[in-house]
Amino acid sequence: MKKTLLKSTLLGATVCLIATNAMALPLGGTLQGALDARTLGGTSSVDVTTDMIADNTDSSWHITASGGSVATLLFEFASYANTTSFGIYDLNDQNNRLELFEGTDHGGSPLNGALTSLYQFGTSFSTDAGFDPAQTETFSSTSFGYYLDVSATGNTYFSDTLLNTDQYDHMFAYQGTGDQFSVFNNGYYAEWTSNEYILAWEDLYGGGDQDFTDFVVMVESVSPVPEPATMMLFGAGLLGLAGISKRRKSKK
């Protein structure tokens with residue numbers, strides 16, 4: 001009985017850790033339609049309701065290329081767009097931030113402020129946003145999280161759901177699968193590769209309309225960093241199940 005209970009507990013913990021968010025899903029079809037419209041052939045291989053990476057693996061990120069990372073603002077279907085900013089934050093101090101896009105930036109063209117380059121020098125990060133002055137911040141580590149500051153409502157949301165005051169997951173991350181994708185929706189296509197992620201944000205407290213089209217950005221040459229606690233628990237669950245199985249076999 002104890003072994004059965006332990007096995008059930010470990011299985012439950014493991015499933016909870018690797019499952020995506022059952023409560024939060026993009027509703028209304030607008031996000032899917034926007035990705036489809038930018039995909040050659042008119043249908044994206046990414047299903048926005050099922051293909052987001054798990055919430056416990058999209059909290060922290062790191063740059064994977066020596067040349068830095070580029071963020072491209074795709075679109076904002078939101079009434080707060082003109083006062084919303086986006087950037088990265090220090091994992092150990094969410095108030096230590098580096099802005100990548102401000103409210104006056106819009107998708108559609110680099111001339112609208114839709115491109116920002118992010119460079120890393122150890123634990124220091126700096127931006128090159130074209131017409132905007134370069135900004136630099138020093139973090140406590142080489143990894144970081146993403147944030148969305150909706151100043152019109154006084155709310156800031158983070159890639160780490162636990163930091164959100166409403167405990168709602170406001171960001172879904174979608175990894176490229178090789179589709180031919182038009183970033184600026186202008187008929188020019190390039191491969192949406194596996195080292196590129198689209199981050200789709202919901203800007204309303206508690207999830208609001210849950211359309212996740214309020215701020216949608218592509219970030220490249222980055223990779224999510226699994227949380228150590230998550231991986232330890234997941235590993236412990238697998239080891240525990242393996243141990244139970246081994247003991248059962250030895251008794252036969």
# chains A, B, ... in the order shown; residues from 1 in each chain; ligands from 1
$ closest_atom_pairs --of "region 91-193 of chain A" --to "region 44-56 of chain A" --cutoff "7 Å" --atoms "only C-alpha atoms" --output "tab-separated table"
residue	atom	partner	partner_atom	distance
A:Phe172	CA	A:Met52	CA	5.8
A:Ala173	CA	A:Met52	CA	5.3
A:Tyr174	CA	A:Met52	CA	4.9
A:Asp179	CA	A:Ser45	CA	6.9
$ write_last_selection --atoms "C-alpha atoms" --output "PDB file, in the first residue's frame"
ATOM      1  CA  PHE A 172       3.470  31.565 -23.824  1.00  0.00           C
ATOM      2  CA  ALA A 173       6.672  30.630 -25.672  1.00  0.00           C
ATOM      3  CA  TYR A 174       6.579  28.828 -29.026  1.00  0.00           C
ATOM      4  CA  ASP A 179       8.107  26.918 -41.179  1.00  0.00           C
TER       5      ASP A 179
END
$ select_by_dssp --residues "region 23-248 of chain A" --states "helix (DSSP H, G or I)" --output "ChimeraX atom specification"
/A:30-37,55-57,81-83,110-112,161-163,205-207,228-248
$ write_last_selection --atoms "C-alpha atoms" --output "compact mmCIF listing (two decimals), in the first residue's frame"
# COMPACT_ATOMS: atom_id res chain seq x y z
CA THR A 30 -6.62 35.58 -33.19
CA LEU A 31 -3.12 34.42 -32.26
CA GLN A 32 -3.39 31.30 -34.43
CA GLY A 33 -4.73 33.37 -37.30
CA ALA A 34 -1.86 35.85 -37.03
CA LEU A 35 0.75 33.09 -37.16
CA ASP A 36 -1.04 31.37 -40.04
CA ALA A 37 -1.13 34.64 -41.99
CA ASP A 55 5.49 26.96 -17.91
CA ASN A 56 8.14 25.51 -15.62
CA THR A 57 10.72 25.66 -18.42
CA ALA A 81 0.12 49.18 -26.76
CA ASN A 82 1.39 52.76 -26.68
CA THR A 83 2.29 52.59 -22.99
CA PRO A 110 12.56 48.24 -38.31
CA LEU A 111 11.71 51.89 -39.00
CA ASN A 112 8.93 51.58 -36.42
CA THR A 161 4.66 32.97 -13.26
CA LEU A 162 5.43 32.86 -9.53
CA LEU A 163 6.45 36.53 -9.69
CA TYR A 205 -4.74 41.06 -14.89
CA GLY A 206 -6.02 37.57 -14.18
CA GLY A 207 -5.88 36.66 -17.86
CA PRO A 228 17.06 23.43 -11.09
CA ALA A 229 14.33 22.64 -8.59
CA THR A 230 12.07 21.38 -11.34
CA MET A 231 14.74 19.14 -12.81
CA MET A 232 15.69 17.81 -9.36
CA LEU A 233 12.09 16.91 -8.54
CA PHE A 234 11.55 15.41 -11.96
CA GLY A 235 14.74 13.39 -11.60
CA ALA A 236 13.79 12.31 -8.10
CA GLY A 237 10.43 11.14 -9.37
CA LEU A 238 11.99 9.07 -12.12
CA LEU A 239 14.59 7.63 -9.76
CA GLY A 240 11.91 6.81 -7.22
CA LEU A 241 9.82 5.00 -9.80
CA ALA A 242 12.89 3.17 -11.07
CA GLY A 243 13.74 2.10 -7.53
CA ILE A 244 10.26 0.76 -6.90
CA SER A 245 10.35 -1.18 -10.15
CA LYS A 246 13.79 -2.60 -9.35
CA ARG A 247 12.73 -3.74 -5.87
CA ARG A 248 9.65 -5.42 -7.26
$ atom_distance --atom1 "CA of Pro133 (chain A)" --atom2 "CA of Tyr119 (chain A)"
14.0 Å
$ closest_residue --among "A:Trp201, A:Phe77, A:Trp61, A:Tyr147" --to "Leu98 (chain A)" --atoms "only C-alpha atoms"
A:Tyr147
$ closest_residue --among "A:Leu148, A:Leu204, A:Val216, A:Val183" --to "Tyr168 (chain A)" --atoms "only C-alpha atoms"
A:Leu204
$ select_by_dssp --residues "region 103-200 of chain A" --states "strand (DSSP E or B)" --output "ChimeraX atom specification"
/A:115-121,124-129,132,136-138,144-150,155-158,171-175,180-181,190-191,196-200
$ closest_residue --among "A:Tyr189, A:Tyr89, A:Phe75, A:Phe144" --to "Val222 (chain A)" --atoms "only C-alpha atoms"
A:Phe144
